[in-house]
Structure formats: C-alpha cells, structure tokens
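Here is the structure we will look at.
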Amino acid sequence: MPELPEVEIVKQSVERSILFQKINDVLIKNRKLRFKIQNNLKNLIKNKKIIKVSRKFKYLIIHFEKEEFLIIHFGMSGTLHLLKKNKNDYTNLSFYSSRSLPKKHNHVIIFFPKFKLVYNDPRRFGFFKFFFSKKELNFFFKNYGPEVLSSKFDLNYLKRKLKNKKKNIKNLLLDQTFVSGIGNIYANEILFCSKINPKKIGKKLKINEIRNIIKFSKKVLNKAIKRGGSSIKNFKNIKGNLGTFQKEFKVYERENKNCLKKNCRGVIRRIIISNRSAFLCNYCQK
DNA sequence: CCGTTAACCTGAGAGC
DNA sequence: TGCTCTCAGGTTAACG
C-alpha cells in the first residue's frame, strides 16, 4: 500500500484517536508477517499509554513512556482499521476499502477502552517491532538514507552520492539507503516531472537534472500528502475518505495514454526495470 | 565493495 | 465456472 505520503496520512488519521490512550489488550492472530512478531509483544505494550505518534520514512512509530517504541511497516498491502465499540458490536469508521472490516488477514488487534485498532495485511510483507530504547530504535534506522522531504536531501547530498553510481536513477530512488520514503508510484512521477529517463545511469545525470530531482521529489510528495495520498486499491484515511492524488498521476498506470505535457505528442509506455513497472514518456524523458 | 535477480505472500483481473 | 497467467504501493538474501 504505502509510500511516504500514505503512511503520513495513516499517521495523521490514527494519531487523533490513539494519542494519550492506554492499550487494554492485544490479540495476535498471526505472527508470521515479513518478520515474526516477537512472542512477548502483547505483554510489552499491554497497559501502556501512547504519548506520541510519528512517522519516519515509511514507518509508523508509536511512542510509549520511558522511551519505548513500537514501529509498524505496512509492506505492500498492510492497513489499519479503527473500529468504534458500539453497544455489542463494533462499527467501522476507518479507512481502506469496504465499509466493514475485511474478513480475512486481520493479524493484530489492539484494544483501547472505546475502540480497537486492527492491522490487516493480505500479503504479509509488513511487520511490527518493539524497541526498548531510543538507542535501539536509532540503530534500526542507521542504514537509511536521508528522508526525501528533509533538508538533508539536497543538491549537495545528491550530487555527491551520484558521482560514481552505475545503477539507473529509478532503482536509486527506490533504494531506501540512498534516499528514504520514495516508492514505485512517486519514483515514476518524480522522474517524469524531472524529464529524466528512468534507465539513465546515476553518474550521468546533469546538474540541472539533479536539481530537478530534488525539487520535484519534494513537490510531488508534498502535493500527494495534501491530497490525502494515492488511492490505488481504495486506500482511505481514518475518516473513510479516499486520497485523490491518483487523479493527478502523469505517468503511473497510464500506459498507452497521451503524455500530459503541453504540446507533447508522446504516449506513455510501460517498461520493466528490475522486475518493477516503470512508466515514462519517451519524448519528454531523455 | 557494487549491481541484479529471485523470493517472500495473497488476491484481483484478463483471457481462454 | 474455472484454469492459468500477470500484476500489485516493499524489501532483502543470495549471487556474480
């Protein structure tokens, strides 16, 4: 499901409900996510109060007292559902797909006094991990590159990092140790806006192209956040609203459609780069 | 060290 | 209805 903008929307959506709430109970129905959920997770978070909710890269971070943390990664298909306790039953007031909670793949349920939070993930590429200290948390993130929206991801950084890179620029943008937060949708959109062919080798990029990547990475992602993220498969925020950035895709999932750049007669093509779809206009992106 | 590929999973949709 | 094939917003172990 989520790249940085979608996780940011999840964070904003969920924060409103769970901030300063105490976890009453935890039910883990399936530990076999990308990594096995640690055996004692239930006891580690039960009866603890959430003092902060944040996002780092594509991760949701739940902060507890005494510098303890739970991180959630959503993989390709992970979603959170907030279900309000209503008399004898629960009703869905949350985001994603159907009005009601999916029947299958609800792997983790976190109970609060007045509602429950359900983690659903059909493909099980997501995961949960608990950290006992800030130090441990930082260690987990030590190999990640600067966040795409942070000031650390700037012209100097990108220039220096690209110097001897033989990988193509699209794979570099998807490489979280190079820059973190970008996924396949936004990599394609950023490269279109920057007028760069996704196959172009990193070290061959011109200074102007590097400048464009910096500029449009931030522009595209910020706009996606403003639009509530992209709703490819019915991604919704916690109020049940769809994100709308997919309506503004210029290349992603637009194979065989006309290039949207003014006066361009090109057609959007889909090619495969490292087993993943790349969308581009051959005329605009050299 | 670097870059590429296959693998981890399930479900939706297309084509026959 | 059902089979087979392709594809999906992510990451990483294993290989050359």
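Naming works like this for the structure tokens: A, B, ... for the chains as they're shown, residue 1 at the start of each chain, ligands 1 onward in shown order.
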Looking only at helix (DSSP H, G or I) from DSSP on the backbone, list the matching residues of region 113-192 of chain A as an MDAnalysis selection string. chainID A and resid 134:140 155:162 169:174 184:192
* Show me which bits of chain C are within 10 Å of chain A, counting only C-alpha atoms (C1' of nucleotides), as a ChimeraX atom specification. => /C:7-11
>> With only C-alpha atoms (C1' of nucleotides) considered, list every residue of chain A at most 7 Å from chain B, as a list in words.
In response: Pro122, Arg123, Arg124 and Lys167 of chain A
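The interatomic distance for the pair CA of Ser54 (chain A) and CA of Phe130 (chain A) works out to 14.6 Å.
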Mind checking DSSP for region 145-237 of chain A and telling me the strand (DSSP E or B) residues as a PDB file with all heavy atoms, in the first residue's frame?
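Wrote selection_35.pdb, looks like this:
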```
ATOM      1  N   GLU A 147      15.690  11.354   4.672  1.00  0.00           N
ATOM      2  CA  GLU A 147      14.305  11.359   4.227  1.00  0.00           C
ATOM      3  C   GLU A 147      14.128  12.337   3.077  1.00  0.00           C
ATOM      4  O   GLU A 147      14.649  13.444   3.109  1.00  0.00           O
ATOM      5  CB  GLU A 147      13.361  11.729   5.364  1.00  0.00           C
ATOM      6  CG  GLU A 147      11.941  11.823   4.833  1.00  0.00           C
ATOM      7  CD  GLU A 147      10.908  12.024   5.908  1.00  0.00           C
ATOM      8  OE1 GLU A 147      10.787  11.169   6.782  1.00  0.00           O
ATOM      9  OE2 GLU A 147      10.226  13.057   5.841  1.00  0.00           O
ATOM     10  N   ASN A 168      20.794   2.593 -12.389  1.00  0.00           N
ATOM     11  CA  ASN A 168      19.904   3.564 -13.007  1.00  0.00           C
ATOM     12  C   ASN A 168      19.195   4.395 -11.931  1.00  0.00           C
ATOM     13  O   ASN A 168      19.048   3.966 -10.785  1.00  0.00           O
ATOM     14  CB  ASN A 168      18.898   2.878 -13.935  1.00  0.00           C
ATOM     15  CG  ASN A 168      17.970   1.966 -13.178  1.00  0.00           C
ATOM     16  OD1 ASN A 168      17.164   2.400 -12.369  1.00  0.00           O
ATOM     17  ND2 ASN A 168      18.088   0.665 -13.420  1.00  0.00           N
ATOM     18  N   SER A 180      15.205   7.935   1.552  1.00  0.00           N
ATOM     19  CA  SER A 180      14.101   7.120   2.061  1.00  0.00           C
ATOM     20  C   SER A 180      12.756   7.808   1.985  1.00  0.00           C
ATOM     21  O   SER A 180      12.639   9.019   2.194  1.00  0.00           O
ATOM     22  CB  SER A 180      14.372   6.647   3.487  1.00  0.00           C
ATOM     23  OG  SER A 180      14.948   7.657   4.222  1.00  0.00           O
ATOM     24  N   ILE A 201      21.730   6.280 -16.092  1.00  0.00           N
ATOM     25  CA  ILE A 201      22.678   5.906 -15.043  1.00  0.00           C
ATOM     26  C   ILE A 201      22.953   7.099 -14.123  1.00  0.00           C
ATOM     27  O   ILE A 201      23.144   8.219 -14.591  1.00  0.00           O
ATOM     28  CB  ILE A 201      23.998   5.415 -15.684  1.00  0.00           C
ATOM     29  CG1 ILE A 201      23.724   4.224 -16.607  1.00  0.00           C
ATOM     30  CG2 ILE A 201      25.036   5.057 -14.634  1.00  0.00           C
ATOM     31  CD1 ILE A 201      23.028   3.053 -15.963  1.00  0.00           C
ATOM     32  N   LYS A 236      -7.857   4.594   2.027  1.00  0.00           N
ATOM     33  CA  LYS A 236      -8.629   5.680   2.613  1.00  0.00           C
ATOM     34  C   LYS A 236      -7.994   6.140   3.909  1.00  0.00           C
ATOM     35  O   LYS A 236      -7.251   5.413   4.534  1.00  0.00           O
ATOM     36  CB  LYS A 236     -10.065   5.215   2.921  1.00  0.00           C
ATOM     37  CG  LYS A 236     -10.879   4.900   1.706  1.00  0.00           C
ATOM     38  CD  LYS A 236     -12.266   4.436   2.116  1.00  0.00           C
ATOM     39  CE  LYS A 236     -13.067   4.047   0.888  1.00  0.00           C
ATOM     40  NZ  LYS A 236     -14.403   3.578   1.237  1.00  0.00           N
TER      41      LYS A 236
END
```
Applying 10 Å and only C-alpha atoms (C1' of nucleotides), which residues near region 159-161 of chain A remain after dropping the ones on its own chain fewer than 5 positions away? List them as an mmCIF file with N, CA, C and O atoms, in the first residue's frame.
```cif
data_model
loop_
_atom_site.group_PDB
_atom_site.id
_atom_site.type_symbol
_atom_site.label_atom_id
_atom_site.label_comp_id
_atom_site.auth_asym_id
_atom_site.auth_seq_id
_atom_site.Cartn_x
_atom_site.Cartn_y
_atom_site.Cartn_z
ATOM 1 N N ASP A 154 19.418 17.225 -0.247
ATOM 2 C CA ASP A 154 19.566 18.457 -1.022
ATOM 3 C C ASP A 154 20.545 18.245 -2.178
ATOM 4 O O ASP A 154 21.040 17.135 -2.395
ATOM 5 N N PHE A 178 19.634 5.028 -0.078
ATOM 6 C CA PHE A 178 20.059 6.174 -0.896
ATOM 7 C C PHE A 178 19.241 7.406 -0.521
ATOM 8 O O PHE A 178 19.770 8.477 -0.234
ATOM 9 N N GLY A 202 22.984 6.822 -12.826
ATOM 10 C CA GLY A 202 23.125 7.867 -11.820
ATOM 11 C C GLY A 202 24.228 8.867 -12.094
ATOM 12 O O GLY A 202 24.006 10.075 -12.068
ATOM 13 N N LYS A 203 25.426 8.362 -12.382
ATOM 14 C CA LYS A 203 26.564 9.290 -12.518
ATOM 15 C C LYS A 203 26.503 10.136 -13.793
ATOM 16 O O LYS A 203 27.275 11.075 -13.954
ATOM 17 N N LEU A 205 23.881 11.868 -14.733
ATOM 18 C CA LEU A 205 22.902 12.946 -14.605
ATOM 19 C C LEU A 205 23.589 14.308 -14.608
ATOM 20 O O LEU A 205 24.620 14.510 -13.968
ATOM 21 N N LYS A 206 22.978 15.256 -15.319
ATOM 22 C CA LYS A 206 23.488 16.621 -15.370
ATOM 23 C C LYS A 206 23.047 17.375 -14.114
ATOM 24 O O LYS A 206 22.050 17.009 -13.479
ATOM 25 N N ILE A 207 23.757 18.435 -13.828
ATOM 26 C CA ILE A 207 23.475 19.192 -12.611
ATOM 27 C C ILE A 207 22.028 19.691 -12.570
ATOM 28 O O ILE A 207 21.379 19.696 -11.520
ATOM 29 N N ILE A 210 19.777 16.851 -11.609
ATOM 30 C CA ILE A 210 19.876 16.577 -10.174
ATOM 31 C C ILE A 210 19.052 17.606 -9.398
ATOM 32 O O ILE A 210 18.316 17.273 -8.468
ATOM 33 N N ARG A 211 19.161 18.843 -9.846
ATOM 34 C CA ARG A 211 18.390 19.919 -9.227
ATOM 35 C C ARG A 211 16.881 19.628 -9.345
ATOM 36 O O ARG A 211 16.121 19.818 -8.396
#
```
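As for CA of Ile71 (chain A) and CA of Phe132 (chain A), they are spaced 11.6 Å apart.
Proximity ranking of A:Ser194, A:Asn47, A:Gln38, A:Ser274 relative to Phe131 (chain A) places A:Gln38 first, based on only C-alpha atoms.
Residue neighbourhood of Lys195 (chain A), excluding near-sequence residues (fewer than 3 positions): Asn188, Glu189, Ile190, Leu191, Phe192, Pro198, Lys199, Lys200, Leu205, Lys206, Asn208, Glu209, Ile210, Arg211, Asn212, Ile213, Phe216, Lys250, Val251, Lys261, Leu280, Cys281, Asn282, Tyr283, Cys284, Gln285 and Lys286 of chain A, at 12 Å, using only C-alpha atoms (C1' of nucleotides).
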Store the residues picked out above, limited to C-alpha atoms, as a PDB file, in the first residue's frame.
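Output saved as result-v9.pdb:
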```pdb
ATOM      1  CA  ASN A 188       7.869   7.337 -11.710  1.00  0.00           C
ATOM      2  CA  GLU A 189       6.085  10.639 -11.155  1.00  0.00           C
ATOM      3  CA  ILE A 190       9.230  12.403  -9.941  1.00  0.00           C
ATOM      4  CA  LEU A 191      11.253  11.263 -12.960  1.00  0.00           C
ATOM      5  CA  PHE A 192       8.551  12.399 -15.377  1.00  0.00           C
ATOM      6  CA  PRO A 198      14.286   6.094 -15.521  1.00  0.00           C
ATOM      7  CA  LYS A 199      17.037   3.974 -17.106  1.00  0.00           C
ATOM      8  CA  LYS A 200      19.568   6.785 -17.019  1.00  0.00           C
ATOM      9  CA  LEU A 205      22.902  12.946 -14.605  1.00  0.00           C
ATOM     10  CA  LYS A 206      23.488  16.621 -15.370  1.00  0.00           C
ATOM     11  CA  ASN A 208      20.155  20.551 -13.803  1.00  0.00           C
ATOM     12  CA  GLU A 209      18.619  17.103 -13.707  1.00  0.00           C
ATOM     13  CA  ILE A 210      19.876  16.577 -10.174  1.00  0.00           C
ATOM     14  CA  ARG A 211      18.390  19.919  -9.227  1.00  0.00           C
ATOM     15  CA  ASN A 212      15.073  18.815 -10.741  1.00  0.00           C
ATOM     16  CA  ILE A 213      15.037  15.568  -8.784  1.00  0.00           C
ATOM     17  CA  PHE A 216      10.184  17.553  -7.759  1.00  0.00           C
ATOM     18  CA  LYS A 250       1.035  11.841 -15.015  1.00  0.00           C
ATOM     19  CA  VAL A 251       2.601   8.501 -15.887  1.00  0.00           C
ATOM     20  CA  LYS A 261       2.766  17.683 -21.111  1.00  0.00           C
ATOM     21  CA  LEU A 280       7.569   7.089 -18.992  1.00  0.00           C
ATOM     22  CA  CYS A 281       7.140   9.332 -21.984  1.00  0.00           C
ATOM     23  CA  ASN A 282       9.937   8.637 -24.475  1.00  0.00           C
ATOM     24  CA  TYR A 283       9.730  12.163 -25.811  1.00  0.00           C
ATOM     25  CA  CYS A 284       9.865  14.063 -22.545  1.00  0.00           C
ATOM     26  CA  GLN A 285      12.255  11.834 -20.640  1.00  0.00           C
ATOM     27  CA  LYS A 286      15.683  11.599 -22.171  1.00  0.00           C
TER      28      LYS A 286
END
```
